[in-house]
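Student: Have a look at the structure that comes next, please.
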Amino acid sequence: MIGNAFKIIQYLYNQSKDKLFVIKEYKKKRNNKQNSRYWKLLSELSLKTKIGIEELHFDMLKNYSQRYELLSPVPDIRGIEYYEKKSKIRRDDGKEYYVFHVYTPSHELRTDEFAVLLNGLIQECEQQGIDTRSPEEIERDSKLYEVI
């Protein structure tokens with residue numbers, strides 16, 4: 001359910017008192033236009049650099065996505081797609097923990113967060129001499145040079 005606080009309170013008031021609910025702020029996810037442009041440019045960068053698209057995608061997430069740290073008593077974590085094991089620490093209580101950097105997958109990024117990822121990819125493509133203009137920009141530029 002998506003709604004303002006008043007609407008959600010009314011909804012919850014009418015629910016069974018035995019149910020548990022999770023409430024989080026709604027944030028708009030990245031849009032299809034951004035996503036299409038990202039994967040098109042990533043494919044072109046992959047062809048140019050001869051680096052696999054998944055490896056490049058992970059590099060982009062590491063460089064331009066949201067990141068957080070996770071401590072785990074076990075050396076592997078399940079259910080998380082993009083992460084790196086960084087180090088092992090011993091806390092004051094003597095217990096050892098592994099430190100992981102966890103990167104937010106692109107499909108979970110908000111529009112503004114995805115824009116940072118896309119802009120980072122655009123910079124990387126420009127460094128490789130790849131045309132990064134959107135289809136709209138290409139069309140607009142071609143009209144500037146049309147012969148009347």
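Following the order of the structure tokens, first chain is A, next is B, and so on, with residues numbered from 1 inside each chain and ligands from 1 in the order they appear.
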Can you tell me, as a short mmCIF file (atom, residue, chain, number, x, y, z; two decimals) with C-alpha atoms, in the first residue's frame, what residues are no more than 9 Å from segment 86-100 of chain A when counting only C-alpha atoms, ignoring any on the same chain fewer than 3 positions away?
Tutor:
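Below you can see around14.cif, which holds the result:
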data_model
loop_
_atom_site.label_atom_id
_atom_site.label_comp_id
_atom_site.auth_asym_id
_atom_site.auth_seq_id
_atom_site.Cartn_x
_atom_site.Cartn_y
_atom_site.Cartn_z
CA TYR A 68 27.40 0.09 3.34
CA GLU A 69 29.46 -2.15 5.61
CA LEU A 70 28.30 -5.39 7.11
CA LEU A 71 29.92 -7.36 9.93
CA SER A 72 29.43 -11.11 9.85
CA PRO A 73 30.76 -13.89 12.07
CA VAL A 74 30.90 -16.19 9.00
CA PRO A 75 33.18 -15.69 5.96
CA ASP A 76 30.40 -15.82 3.37
CA ILE A 77 27.07 -14.02 3.16
CA TYR A 83 29.58 -7.52 -2.05
#
Student: Just asking: which residues within segment 14-44 of chain A are helix (DSSP H, G or I) according to DSSP, as JSON, numbers by chain?
Tutor: {"A": [32, 33, 34, 35, 36, 37, 38, 39, 40, 41, 42, 43, 44]}
Student: Okay, now the selection with N, CA and C atoms, as a CSV table (one decimal), in the first residue's frame?
Tutor:
chain,number,residue,atom,x,y,z
A,32,ASN,N,12.7,3.5,-16.6
A,32,ASN,CA,13.1,2.7,-17.7
A,32,ASN,C,14.1,3.4,-18.7
A,33,LYS,N,13.9,4.7,-18.9
A,33,LYS,CA,14.7,5.4,-19.8
A,33,LYS,C,16.2,5.4,-19.3
A,34,GLN,N,16.3,5.7,-18.0
A,34,GLN,CA,17.7,5.7,-17.4
A,34,GLN,C,18.3,4.3,-17.5
A,35,ASN,N,17.5,3.3,-17.2
A,35,ASN,CA,17.9,1.9,-17.2
A,35,ASN,C,18.4,1.5,-18.6
A,36,SER,N,17.6,1.8,-19.6
A,36,SER,CA,18.0,1.4,-21.0
A,36,SER,C,19.3,2.1,-21.4
A,37,ARG,N,19.4,3.4,-21.1
A,37,ARG,CA,20.6,4.1,-21.5
A,37,ARG,C,21.8,3.5,-20.8
A,38,TYR,N,21.7,3.2,-19.5
A,38,TYR,CA,22.8,2.6,-18.7
A,38,TYR,C,23.3,1.3,-19.4
A,39,TRP,N,22.3,0.4,-19.7
A,39,TRP,CA,22.8,-0.9,-20.2
A,39,TRP,C,23.3,-0.8,-21.6
A,40,LYS,N,22.8,0.1,-22.4
A,40,LYS,CA,23.3,0.3,-23.7
A,40,LYS,C,24.8,0.8,-23.7
A,41,LEU,N,25.0,1.8,-22.8
A,41,LEU,CA,26.4,2.3,-22.7
A,41,LEU,C,27.3,1.3,-22.0
A,42,LEU,N,26.8,0.5,-21.1
A,42,LEU,CA,27.6,-0.5,-20.5
A,42,LEU,C,28.0,-1.5,-21.5
A,43,SER,N,27.1,-1.9,-22.4
A,43,SER,CA,27.4,-2.9,-23.5
A,43,SER,C,28.5,-2.3,-24.4
A,44,GLU,N,28.4,-1.0,-24.7
A,44,GLU,CA,29.4,-0.4,-25.6
A,44,GLU,C,30.8,-0.4,-24.9
Student: Report as a ChimeraX atom specification: the residues of chain A with a DSSP assignment of strand (DSSP E or B), based on the backbone of this structure.
Tutor: /A:29,67-72,83-90,96-103,110
Student: If we count only C-alpha atoms, what is near Lys48 of chain A at a cut-off of 12 Å, once residues fewer than 4 positions away on the same chain are taken out, given as a list in words?
Tutor: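 Skipping anything fewer than 4 positions along the chain leaves Leu41, Leu42, Ser43, Glu44, Gly52, Ile53, Leu56, Glu124, Cys125, Glu126, Gln127, Gln128, Gly129, Ile130 and Asp131 of chain A.
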Student: In Å, with one decimal, what is the gap from atom CA of Glu139 of chain A to atom CA of Leu121 of chain A?
Tutor: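 Pair atom CA of Glu139 of chain A / atom CA of Leu121 of chain A returns 21.6 Å.
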Student: Between A:Tyr103, A:Gln66, A:Glu137, A:Glu81, single out the one closest to Ala115 of chain A, counting only C-alpha atoms.
Tutor: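 Looking at the shortest contact to Ala115 of chain A, the residue is A:Gln66.
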Student: Take atom CA of Arg133 of chain A and atom CA of Tyr64 of chain A and report the distance between them in Å, one decimal.
Tutor: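 So the two atoms, atom CA of Arg133 of chain A and atom CA of Tyr64 of chain A, lie 19.7 Å apart.
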Student: Using only C-alpha atoms, can you tell me which of A:Gln15, A:Ser106, A:Thr132, A:Asn31 comes closest to Asn119 of chain A?
Tutor: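 Checking each of A:Gln15, A:Ser106, A:Thr132, A:Asn31 against Asn119 of chain A, counting only C-alpha atoms, the winner is A:Thr132.
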Student: Just give me the gap between atom CA of Val102 of chain A and atom CA of Lys24 of chain A in Å, one decimal is fine.
Tutor: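 Pair atom CA of Val102 of chain A / atom CA of Lys24 of chain A returns 20.5 Å.
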